[in-house]
Amino acid sequence: MKGLKLRACAVQPLGLLMLTFASLSTALSLPSWPRPTSLRGSDLQRRQRSNSSTPSAISIAPSQYWEGNDGPWSTFPLQIGSGSVGGLQNVRVLVSTAATAIWTIGAEGCPNGYVNSCPDSRGGLFLRNQSLTWAPDSIFQTGLEMNLGLDSSGYVGFDVATLGWQGSGAEVTDQHATVWNMADPRYWIGVFGMNPRPTNLSDFNDPQTSFMQKLFESKKIPSVSYGYTAGNQYRADGYYGSLTLGGYDPNRFVENDVSFPFDEDISRDLSVNLHSITTSTGLPSDLLPDGSISIFIDSTVPEIWLPESACNAFESAFGLTYNTSIGRYLVSSSTRQRLLSENPDVTFTIGPINGGSKGKTVDITLPYRAFDLHLSFPIIPNDYNGTTHYFPLQRAANDTQYTLGRTFLQEAYLIADYEHQNFSISQCDWSQKAAGNDQDVVSIISPQLKASQSSSNPDSDSSLSAGAIAGVAIGVVALIAVLGAALVFIRRRKKADKKRAAELEAKENFADEDSAEPKVGPISEPIGGELGGGEIHEAPLTQMRPEMESGRDGVEKYGYSEMDGRGHVIEMDGKGYTAEMPGSAAVLEMPGSEGRVFERDLKRGARPPPDEKSEGGWI
Ligand SMILES: *[C@@H]1O[C@H](CO)[C@@H](O)[C@H](O)[C@H]1NC(C)=O
Ligand SMILES: *[C@@H]1O[C@H](CO)[C@@H](O)[C@H](O)[C@H]1NC(C)=O
Ligand SMILES: *[C@@H]1O[C@H](CO)[C@@H](O)[C@H](O)[C@H]1NC(C)=O
Ligand SMILES: *[C@@H]1O[C@H](CO)[C@@H](O)[C@H](O)[C@H]1NC(C)=O
């Protein structure tokens with residue numbers, strides 16, 4: 001230190017001052033000194049990280065639960081919150097290929113007297129007042145499924161979130177995940193959003209980086225990509241959903257050579273051209289009589305939304321009747337028995353959006369049992385055990401509603417590659433798993449990562465010339481010599497304390513490195529600074545009414561009880577909801593389907609205990 005200071009002084013008097021301050025601040029552990037040094041430190045770290053081996057894709061283990069009130073569906077474990085009053089909160093969520101954030105179910109989703117074991121049936125609740133790291137935000141609309149009249153809203157905040165089993169070694173964490181906390185009964189179980197686009201809350205100037213993007217940027221996964229299939233309960237003992245981040249599981253599907261480009265409309269990126277739907281048994285066999293349509297693959301919703309002519313064809317082929325009051329194709333037990341024994345296949349032939357009618361296509365075949373799903377409360381008011389069977393088909397009002405929901409992904413494997421802006425859809429292969437080939441992982445390496453690695457690591461190129469190799473060898477020898485000298489120096493310094501000053505003079509370079517070390521070492525990154533700091537967004541995506549805002553204040557000050565007491569929790573009356581939330585008005589206008597379901601859900605299924613005041617809306 002002494003030698004260094006002297007030298008610095010000789011160079012520049014101001015330097016002495018700065019360095020003195022530097023040593024002082026290191027000694028006193030002042031947090032934020034000095035900016036350039038800590039930048040240098042993180043640069044060093046970054047270089048070290050990029051030199052280390054490329055991260056591999058991560059396979060997320062399923063929760064091993066089958067659940068939902070329109071399934072059964074396979075869920076994934078998510079831990080949320082930290083340092084919390086009640087510890088980490090474990091919930092189970094579905095995979096959403098369209099959402100960009102996490103949706104959890106809040107305490108408002110299970111009001112008193114709602115349904116037995118409500119929290120568990122909803123995959124567990126996230127009680128935001130129990131998390132010390134929850135940074136509350138405002139109420140925002142999710143901005144998703146508006147085309148289906150299923151837009152929702154809820155409290156949005158930031159918290160620590162871990163997908164996968166804690167401690168399994170295959171879990172991934174975002175310290176500052178964007179989390180919705182909702183009560184909407186139409187999304188009975190929360191979701192984990194796989195779409196890596198940033199979430200825009202107040203405006204487009206403050207995008208919240210997605211979980212997936214952060215995983216890639218922190219070198220936890222090799223690319224912004226994933227492989228997913230929803231799994232199904234009807235084959236063998238059931239195959240849980242399979243989710244791989246930064247790659248895919250090659251054992252889960254039959255490979256094909258069709259690559260789909262993302263749609264230009266980024267909100268419908270996973271769109272395909274549906275050429276035909278055919279069935280093996282049943283008349284008519286052509287279930288898409290009016291020709292091909294562009295359709296969006298979206299695992300957020302269970303159903304398949306098709307043009308009315310296609311729905312009519314399904315009705316006559318399988319003897320289905322649409323129940324307008326429930327808003328679903330309910331299947332009576334006699335029809336169900338007949339269909340299960342006939343076991344008709346349904347084949348979806350899909351191709352790339354711009355592939356034309358003669359382009360390459362893929363066939364995805366679903367056995368009848370993929371459509372043999374059941375409904376329960378609150379969709380069916382008095383059915384708590386899922387004894388009501390339904391066929392997951394919906395009539396689309398227009399082409400914005402064409403959707404291949406989660407039902408389709410029971411038999412299809414999706415690889416979405418946000419690096420190359422393309423995706424693939426393949427028929428699931430269950431034989432491999434049956435044969436014991438349980439799980440495999442193939443990484444998709446980002447071109448960006450490849451480029452940065454070869455540029456930061458030019459010597460690692462395998463095609464080194466002999467001269468280069470000799471050069472490297474000499475370099476290595478020289479490095480060893482220098483290290484040896486350093487070692488000798490350090491030993492000597494320890495032994496001969498009295499000669500220290502003289503030796504420092506003689507070997508200034510080493511002294512430099514020595515003293516530089518502690519400055520680079522502790523990088524003062526703000527811990528939890530993001531969570532604590534001013535991340536509160538006041539202007540909501542869609543403006544909510546004043547009562548909601550005051551409800552928010554109540555939550556910040558008093559926690560849940562304030563909310564409950566004010567009755568903001570549930571709006572049971574369809575009128576209030578639409579009147580107050582313009583974004584959802586479409587719900588009640590949709591002819592023939594969801595609108596009525598929704599109204600009915602609210603009126604019948606989700607009615608609160610009679611003593612509860614109803615002035616708010618589903619949040
Ligand atoms: C948020 O805004 C950015 C532009 O600032 C855009 O690229 C992104 O797609 C938007 N995200 C969503 C979910 O719409
Ligand atoms: C995406 O495009 C790349 C480059 O053309 C190709 O190697 C890859 O297989 C494609 N991926 C998918 C999922 O279609
Ligand atoms: C958190 O909210 C729940 C649900 O409203 C309530 O029962 C509980 O008492 C609250 N806990 C705290 C610590 O405020
Ligand atoms: C499609 O139908 C929905 C529901 O009826 C409606 O809200 C929406 O405006 C329609 N979109 C177009 C482009 O016609």
# chains A, B, ... in the order shown; residues from 1 in each chain; ligands from 1

call {"tool": "residues_around", "arguments": {"residues": "A:Asp159", "least_positions_apart": "4", "cutoff": "10 Å", "atoms": "only C-alpha atoms", "output": "ChimeraX atom specification"}}
result
/A:80-82,128,131-136,174-179,531

call {"tool": "residues_around", "arguments": {"residues": "stretch 286-291 of chain A", "least_positions_apart": "5", "cutoff": "8 Å", "atoms": "only C-alpha atoms", "output": "compact mmCIF listing (two decimals) with N, CA, C and O atoms, in the first residue's frame"}}
result
# COMPACT_ATOMS: atom_id res chain seq x y z
N HIS A 275 -54.52 -26.75 -41.80
CA HIS A 275 -55.01 -27.14 -43.13
C HIS A 275 -56.30 -27.93 -43.04
O HIS A 275 -57.23 -27.71 -43.81
N SER A 276 -56.33 -28.88 -42.12
CA SER A 276 -57.53 -29.72 -42.04
C SER A 276 -57.63 -30.36 -40.67
O SER A 276 -56.65 -30.45 -39.92
N ILE A 277 -58.86 -30.78 -40.35
CA ILE A 277 -59.09 -31.62 -39.17
C ILE A 277 -59.92 -32.80 -39.68
O ILE A 277 -60.96 -32.60 -40.31
N THR A 278 -59.44 -33.98 -39.42
CA THR A 278 -60.18 -35.15 -39.90
C THR A 278 -60.34 -36.15 -38.75
O THR A 278 -59.58 -36.13 -37.79
N THR A 279 -61.36 -36.99 -38.89
CA THR A 279 -61.56 -38.01 -37.87
C THR A 279 -61.67 -39.39 -38.51
O THR A 279 -62.16 -39.52 -39.64
N SER A 309 -68.61 -23.46 -38.40
CA SER A 309 -68.85 -24.60 -39.30
C SER A 309 -68.09 -25.84 -38.81
O SER A 309 -68.59 -26.96 -38.90
N ALA A 310 -66.91 -25.62 -38.26
CA ALA A 310 -66.13 -26.75 -37.74
C ALA A 310 -66.80 -27.31 -36.49
O ALA A 310 -66.89 -28.53 -36.31
N CYS A 311 -67.30 -26.40 -35.64
CA CYS A 311 -67.99 -26.87 -34.43
C CYS A 311 -69.22 -27.69 -34.81
O CYS A 311 -69.49 -28.73 -34.19
N ALA A 313 -69.57 -29.46 -37.47
CA ALA A 313 -69.09 -30.76 -37.95
C ALA A 313 -68.74 -31.68 -36.77
O ALA A 313 -69.07 -32.87 -36.77
N PHE A 314 -68.08 -31.13 -35.76
CA PHE A 314 -67.78 -31.91 -34.54
C PHE A 314 -69.07 -32.40 -33.89
O PHE A 314 -69.17 -33.55 -33.46

call {"tool": "residues_near_ligand", "arguments": {"ligand": "ligand 2", "cutoff": "7 Å", "atoms": "only C-alpha atoms and all ligand atoms", "output": "PyMOL selection string"}}
result
chain A and resi 258-260+415-417+420-424

call {"tool": "write_last_selection", "arguments": {"atoms": "all heavy atoms", "output": "compact mmCIF listing (two decimals), in the first residue's frame"}}
result
# COMPACT_ATOMS: atom_id res chain seq x y z
N VAL A 258 -40.39 -29.84 -40.23
CA VAL A 258 -41.12 -28.60 -40.48
C VAL A 258 -40.79 -27.58 -39.40
O VAL A 258 -40.90 -27.86 -38.21
CB VAL A 258 -42.65 -28.85 -40.51
CG1 VAL A 258 -43.37 -27.58 -40.93
CG2 VAL A 258 -42.98 -30.00 -41.43
N SER A 259 -40.32 -26.42 -39.86
CA SER A 259 -40.02 -25.33 -38.93
C SER A 259 -41.00 -24.19 -39.19
O SER A 259 -41.22 -23.81 -40.33
CB SER A 259 -38.58 -24.87 -39.13
OG SER A 259 -38.29 -23.82 -38.25
N PHE A 260 -41.61 -23.70 -38.14
CA PHE A 260 -42.61 -22.65 -38.26
C PHE A 260 -42.00 -21.30 -37.88
O PHE A 260 -41.43 -21.19 -36.80
CB PHE A 260 -43.78 -22.91 -37.30
CG PHE A 260 -44.55 -24.18 -37.57
CD1 PHE A 260 -44.04 -25.41 -37.20
CD2 PHE A 260 -45.79 -24.13 -38.18
CE1 PHE A 260 -44.75 -26.58 -37.43
CE2 PHE A 260 -46.51 -25.30 -38.42
CZ PHE A 260 -45.99 -26.53 -38.05
N ILE A 415 -41.51 -26.82 -29.47
CA ILE A 415 -40.20 -26.22 -29.21
C ILE A 415 -40.29 -24.78 -29.71
O ILE A 415 -40.52 -24.56 -30.90
CB ILE A 415 -39.05 -26.94 -29.94
CG1 ILE A 415 -38.98 -28.41 -29.51
CG2 ILE A 415 -37.71 -26.25 -29.65
CD1 ILE A 415 -37.96 -29.22 -30.30
N ALA A 416 -40.15 -23.82 -28.80
CA ALA A 416 -40.21 -22.41 -29.19
C ALA A 416 -38.82 -21.83 -29.04
O ALA A 416 -38.23 -21.89 -27.96
CB ALA A 416 -41.21 -21.66 -28.33
N ASP A 417 -38.30 -21.30 -30.13
CA ASP A 417 -36.92 -20.81 -30.15
C ASP A 417 -36.95 -19.30 -30.44
O ASP A 417 -37.11 -18.89 -31.59
CB ASP A 417 -36.15 -21.58 -31.23
CG ASP A 417 -34.68 -21.17 -31.32
OD1 ASP A 417 -34.33 -20.11 -30.76
OD2 ASP A 417 -33.91 -21.89 -31.96
N HIS A 420 -33.99 -17.88 -32.85
CA HIS A 420 -34.15 -17.99 -34.30
C HIS A 420 -35.54 -17.55 -34.76
O HIS A 420 -35.85 -17.62 -35.94
CB HIS A 420 -33.90 -19.43 -34.76
CG HIS A 420 -32.50 -19.91 -34.50
ND1 HIS A 420 -32.16 -20.66 -33.40
CD2 HIS A 420 -31.36 -19.72 -35.21
CE1 HIS A 420 -30.87 -20.93 -33.44
NE2 HIS A 420 -30.35 -20.38 -34.52
N GLN A 421 -36.39 -17.16 -33.81
CA GLN A 421 -37.74 -16.73 -34.14
C GLN A 421 -38.50 -17.81 -34.90
O GLN A 421 -39.17 -17.54 -35.90
CB GLN A 421 -37.70 -15.43 -34.96
CG GLN A 421 -37.15 -14.24 -34.19
CD GLN A 421 -38.16 -13.70 -33.18
OE1 GLN A 421 -39.25 -13.30 -33.55
NE2 GLN A 421 -37.80 -13.72 -31.90
N ASN A 422 -38.35 -19.04 -34.44
CA ASN A 422 -39.11 -20.12 -35.06
C ASN A 422 -39.52 -21.14 -34.01
O ASN A 422 -39.06 -21.10 -32.87
CB ASN A 422 -38.31 -20.76 -36.21
CG ASN A 422 -37.00 -21.36 -35.73
OD1 ASN A 422 -36.70 -21.39 -34.54
ND2 ASN A 422 -36.21 -21.86 -36.67
N PHE A 423 -40.42 -22.02 -34.40
CA PHE A 423 -40.84 -23.07 -33.47
C PHE A 423 -41.19 -24.32 -34.24
O PHE A 423 -41.28 -24.31 -35.47
CB PHE A 423 -42.02 -22.59 -32.61
CG PHE A 423 -43.30 -22.28 -33.36
CD1 PHE A 423 -44.34 -23.18 -33.36
CD2 PHE A 423 -43.46 -21.08 -34.04
CE1 PHE A 423 -45.53 -22.90 -34.03
CE2 PHE A 423 -44.64 -20.79 -34.71
CZ PHE A 423 -45.67 -21.70 -34.71
N SER A 424 -41.31 -25.41 -33.50
CA SER A 424 -41.72 -26.65 -34.14
C SER A 424 -42.82 -27.30 -33.31
O SER A 424 -42.93 -27.05 -32.10
CB SER A 424 -40.53 -27.61 -34.30
OG SER A 424 -40.13 -28.08 -33.04

call {"tool": "closest_residue", "arguments": {"among": "A:Val172, A:Ile102, A:Leu306, A:Ile326", "to": "A:Phe158", "atoms": "only C-alpha atoms"}}
result
A:Ile102

call {"tool": "closest_residue", "arguments": {"among": "A:Met182, A:Leu150, A:Ala397, A:Val91", "to": "ligand 4", "atoms": "only C-alpha atoms and all ligand atoms"}}
result
A:Ala397

call {"tool": "closest_residue", "arguments": {"among": "A:Pro62, A:Pro72, A:Gly143, A:Gly359", "to": "A:Ala98", "atoms": "only C-alpha atoms"}}
result
A:Gly143

call {"tool": "residues_near_ligand", "arguments": {"ligand": "ligand 1", "cutoff": "7 Å", "atoms": "only C-alpha atoms and all ligand atoms", "output": "list of chain:residue names"}}
result
A:Thr100, A:Arg197, A:Pro198, A:Thr199, A:Asn200, A:Phe204, A:Asn205, A:Pro207, A:Ile266, A:Ser267

call {"tool": "write_last_selection", "arguments": {"atoms": "all heavy atoms", "output": "short mmCIF file (atom, residue, chain, number, x, y, z; two decimals), in the first residue's frame"}}
result
data_model
loop_
_atom_site.label_atom_id
_atom_site.label_comp_id
_atom_site.auth_asym_id
_atom_site.auth_seq_id
_atom_site.Cartn_x
_atom_site.Cartn_y
_atom_site.Cartn_z
N THR A 100 -46.42 -13.51 -20.22
CA THR A 100 -45.05 -13.04 -20.10
C THR A 100 -44.63 -12.95 -18.63
O THR A 100 -43.51 -12.58 -18.32
CB THR A 100 -44.89 -11.66 -20.73
OG1 THR A 100 -45.81 -10.76 -20.10
CG2 THR A 100 -45.19 -11.70 -22.22
N ARG A 197 -41.13 -12.04 -23.88
CA ARG A 197 -41.27 -10.60 -24.12
C ARG A 197 -41.38 -9.88 -22.78
O ARG A 197 -41.91 -10.43 -21.82
CB ARG A 197 -42.52 -10.32 -24.94
CG ARG A 197 -42.30 -10.57 -26.42
CD ARG A 197 -43.49 -10.06 -27.20
NE ARG A 197 -44.71 -10.77 -26.87
CZ ARG A 197 -45.89 -10.21 -26.80
NH1 ARG A 197 -46.04 -8.92 -27.01
NH2 ARG A 197 -46.97 -10.92 -26.52
N PRO A 198 -40.90 -8.63 -22.72
CA PRO A 198 -41.04 -7.91 -21.45
C PRO A 198 -42.51 -7.59 -21.18
O PRO A 198 -43.30 -7.45 -22.10
CB PRO A 198 -40.24 -6.63 -21.67
CG PRO A 198 -40.10 -6.48 -23.14
CD PRO A 198 -40.18 -7.84 -23.75
N THR A 199 -42.84 -7.51 -19.90
CA THR A 199 -44.20 -7.14 -19.51
C THR A 199 -44.25 -5.63 -19.36
O THR A 199 -43.40 -5.03 -18.71
CB THR A 199 -44.54 -7.80 -18.16
OG1 THR A 199 -44.40 -9.21 -18.30
CG2 THR A 199 -45.96 -7.47 -17.73
N ASN A 200 -45.24 -5.02 -19.99
CA ASN A 200 -45.39 -3.57 -19.89
C ASN A 200 -46.53 -3.26 -18.94
O ASN A 200 -47.66 -3.60 -19.23
CB ASN A 200 -45.69 -2.98 -21.27
CG ASN A 200 -44.56 -3.28 -22.25
OD1 ASN A 200 -43.42 -2.91 -22.01
ND2 ASN A 200 -44.88 -3.98 -23.33
N PHE A 204 -45.03 1.73 -22.13
CA PHE A 204 -44.05 0.99 -22.90
C PHE A 204 -42.62 1.45 -22.59
O PHE A 204 -41.68 0.97 -23.18
CB PHE A 204 -44.34 1.09 -24.39
CG PHE A 204 -45.51 0.26 -24.79
CD1 PHE A 204 -46.80 0.77 -24.69
CD2 PHE A 204 -45.35 -1.04 -25.22
CE1 PHE A 204 -47.88 -0.01 -25.02
CE2 PHE A 204 -46.43 -1.83 -25.57
CZ PHE A 204 -47.70 -1.31 -25.46
N ASN A 205 -42.50 2.45 -21.68
CA ASN A 205 -41.17 2.96 -21.38
C ASN A 205 -40.51 2.25 -20.21
O ASN A 205 -39.38 2.54 -19.87
CB ASN A 205 -41.24 4.46 -21.08
CG ASN A 205 -41.76 5.21 -22.28
OD1 ASN A 205 -41.41 4.89 -23.41
ND2 ASN A 205 -42.62 6.19 -22.03
N PRO A 207 -40.42 -1.43 -19.52
CA PRO A 207 -40.69 -2.85 -19.67
C PRO A 207 -40.02 -3.67 -18.57
O PRO A 207 -38.90 -3.37 -18.17
CB PRO A 207 -40.10 -3.18 -21.05
CG PRO A 207 -39.09 -2.12 -21.31
CD PRO A 207 -39.57 -0.90 -20.59
N ILE A 266 -46.75 -10.22 -32.90
CA ILE A 266 -46.01 -10.87 -31.80
C ILE A 266 -46.92 -11.35 -30.68
O ILE A 266 -46.53 -12.20 -29.90
CB ILE A 266 -44.91 -9.95 -31.21
CG1 ILE A 266 -45.47 -8.60 -30.81
CG2 ILE A 266 -43.75 -9.81 -32.19
CD1 ILE A 266 -44.49 -7.78 -29.99
N SER A 267 -48.15 -10.83 -30.62
CA SER A 267 -49.04 -11.33 -29.58
C SER A 267 -49.65 -12.67 -29.99
O SER A 267 -50.31 -13.33 -29.20
CB SER A 267 -50.14 -10.32 -29.27
OG SER A 267 -51.03 -10.22 -30.37
#

call {"tool": "closest_residue", "arguments": {"among": "A:Asn354, A:Asn323, A:Thr54, A:Asn112", "to": "A:Pro222", "atoms": "only C-alpha atoms"}}
result
A:Thr54

call {"tool": "closest_residue", "arguments": {"among": "A:Phe296, A:Tyr368, A:Tyr187, A:Tyr226", "to": "A:Phe318", "atoms": "only C-alpha atoms"}}
result
A:Tyr368

call {"tool": "atom_distance", "arguments": {"atom1": "atom CA of A:Gly109", "atom2": "atom CA of A:Ser74"}}
result
20.6 Å

call {"tool": "closest_residue", "arguments": {"among": "A:Tyr322, A:Phe371, A:Phe126, A:Tyr155", "to": "A:Asp345", "atoms": "only C-alpha atoms"}}
result
A:Phe371

call {"tool": "select_by_dssp", "arguments": {"residues": "stretch 64-191 of chain A", "states": "strand (DSSP E)", "output": "VMD selection string"}}
result
chain A and resid 66 to 67 73 to 74 76 to 80 89 to 96 102 to 105 135 to 141 153 to 163 172 to 182 191

call {"tool": "atom_distance", "arguments": {"atom1": "atom CA of A:Pro185", "atom2": "atom CA of A:Asp120"}}
result
14.0 Å

call {"tool": "residues_around", "arguments": {"residues": "A:Leu375", "least_positions_apart": "5", "cutoff": "6 Å", "atoms": "only C-alpha atoms", "output": "count of residues only"}}
result
4

call {"tool": "residues_around", "arguments": {"residues": "A:Phe216", "least_positions_apart": "3", "cutoff": "12 Å", "atoms": "only C-alpha atoms", "output": "ChimeraX atom specification"}}
result
/A:54-58,172-174,196,209-213,219-226,245-247,418-419,444-446,448-449

call {"tool": "decode", "arguments": {"residues": "stretch 322-335 of chain A", "atoms": "N, CA, C and O atoms", "output": "PDB file, in the first residue's frame"}}
result
ATOM      1  N   TYR A 322     -74.163 -28.322 -27.526  1.00  0.00           N
ATOM      2  CA  TYR A 322     -73.614 -27.192 -26.777  1.00  0.00           C
ATOM      3  C   TYR A 322     -74.598 -26.784 -25.696  1.00  0.00           C
ATOM      4  O   TYR A 322     -75.779 -26.590 -25.960  1.00  0.00           O
ATOM      5  N   ASN A 323     -74.100 -26.684 -24.478  1.00  0.00           N
ATOM      6  CA  ASN A 323     -74.950 -26.242 -23.379  1.00  0.00           C
ATOM      7  C   ASN A 323     -74.765 -24.739 -23.215  1.00  0.00           C
ATOM      8  O   ASN A 323     -73.735 -24.290 -22.704  1.00  0.00           O
ATOM      9  N   THR A 324     -75.757 -23.996 -23.667  1.00  0.00           N
ATOM     10  CA  THR A 324     -75.561 -22.546 -23.706  1.00  0.00           C
ATOM     11  C   THR A 324     -75.500 -21.924 -22.316  1.00  0.00           C
ATOM     12  O   THR A 324     -74.857 -20.897 -22.122  1.00  0.00           O
ATOM     13  N   SER A 325     -76.174 -22.545 -21.336  1.00  0.00           N
ATOM     14  CA  SER A 325     -76.125 -21.909 -20.013  1.00  0.00           C
ATOM     15  C   SER A 325     -74.781 -22.147 -19.331  1.00  0.00           C
ATOM     16  O   SER A 325     -74.277 -21.271 -18.629  1.00  0.00           O
ATOM     17  N   ILE A 326     -74.184 -23.290 -19.534  1.00  0.00           N
ATOM     18  CA  ILE A 326     -72.852 -23.539 -18.963  1.00  0.00           C
ATOM     19  C   ILE A 326     -71.769 -22.985 -19.898  1.00  0.00           C
ATOM     20  O   ILE A 326     -70.680 -22.630 -19.470  1.00  0.00           O
ATOM     21  N   GLY A 327     -72.099 -22.925 -21.179  1.00  0.00           N
ATOM     22  CA  GLY A 327     -71.133 -22.403 -22.133  1.00  0.00           C
ATOM     23  C   GLY A 327     -70.064 -23.405 -22.497  1.00  0.00           C
ATOM     24  O   GLY A 327     -68.916 -23.034 -22.799  1.00  0.00           O
ATOM     25  N   ARG A 328     -70.418 -24.680 -22.450  1.00  0.00           N
ATOM     26  CA  ARG A 328     -69.470 -25.728 -22.829  1.00  0.00           C
ATOM     27  C   ARG A 328     -70.235 -26.831 -23.570  1.00  0.00           C
ATOM     28  O   ARG A 328     -71.453 -26.936 -23.470  1.00  0.00           O
ATOM     29  N   TYR A 329     -69.477 -27.681 -24.278  1.00  0.00           N
ATOM     30  CA  TYR A 329     -70.058 -28.895 -24.842  1.00  0.00           C
ATOM     31  C   TYR A 329     -70.059 -29.952 -23.746  1.00  0.00           C
ATOM     32  O   TYR A 329     -69.043 -30.611 -23.518  1.00  0.00           O
ATOM     33  N   LEU A 330     -71.167 -30.087 -23.016  1.00  0.00           N
ATOM     34  CA  LEU A 330     -71.240 -31.107 -21.981  1.00  0.00           C
ATOM     35  C   LEU A 330     -71.496 -32.450 -22.641  1.00  0.00           C
ATOM     36  O   LEU A 330     -72.174 -32.541 -23.665  1.00  0.00           O
ATOM     37  N   VAL A 331     -70.943 -33.510 -22.071  1.00  0.00           N
ATOM     38  CA  VAL A 331     -71.087 -34.844 -22.652  1.00  0.00           C
ATOM     39  C   VAL A 331     -71.787 -35.731 -21.628  1.00  0.00           C
ATOM     40  O   VAL A 331     -71.272 -35.927 -20.518  1.00  0.00           O
ATOM     41  N   SER A 332     -72.943 -36.239 -22.005  1.00  0.00           N
ATOM     42  CA  SER A 332     -73.692 -37.100 -21.083  1.00  0.00           C
ATOM     43  C   SER A 332     -72.951 -38.417 -20.916  1.00  0.00           C
ATOM     44  O   SER A 332     -72.119 -38.792 -21.749  1.00  0.00           O
ATOM     45  N   SER A 333     -73.269 -39.148 -19.854  1.00  0.00           N
ATOM     46  CA  SER A 333     -72.491 -40.364 -19.596  1.00  0.00           C
ATOM     47  C   SER A 333     -72.727 -41.424 -20.669  1.00  0.00           C
ATOM     48  O   SER A 333     -71.819 -42.177 -21.006  1.00  0.00           O
ATOM     49  N   SER A 334     -73.941 -41.452 -21.253  1.00  0.00           N
ATOM     50  CA  SER A 334     -74.157 -42.451 -22.305  1.00  0.00           C
ATOM     51  C   SER A 334     -73.354 -42.103 -23.564  1.00  0.00           C
ATOM     52  O   SER A 334     -72.704 -42.967 -24.163  1.00  0.00           O
ATOM     53  N   THR A 335     -73.384 -40.828 -23.950  1.00  0.00           N
ATOM     54  CA  THR A 335     -72.582 -40.401 -25.109  1.00  0.00           C
ATOM     55  C   THR A 335     -71.104 -40.671 -24.845  1.00  0.00           C
ATOM     56  O   THR A 335     -70.373 -41.142 -25.716  1.00  0.00           O
TER      57      THR A 335
END
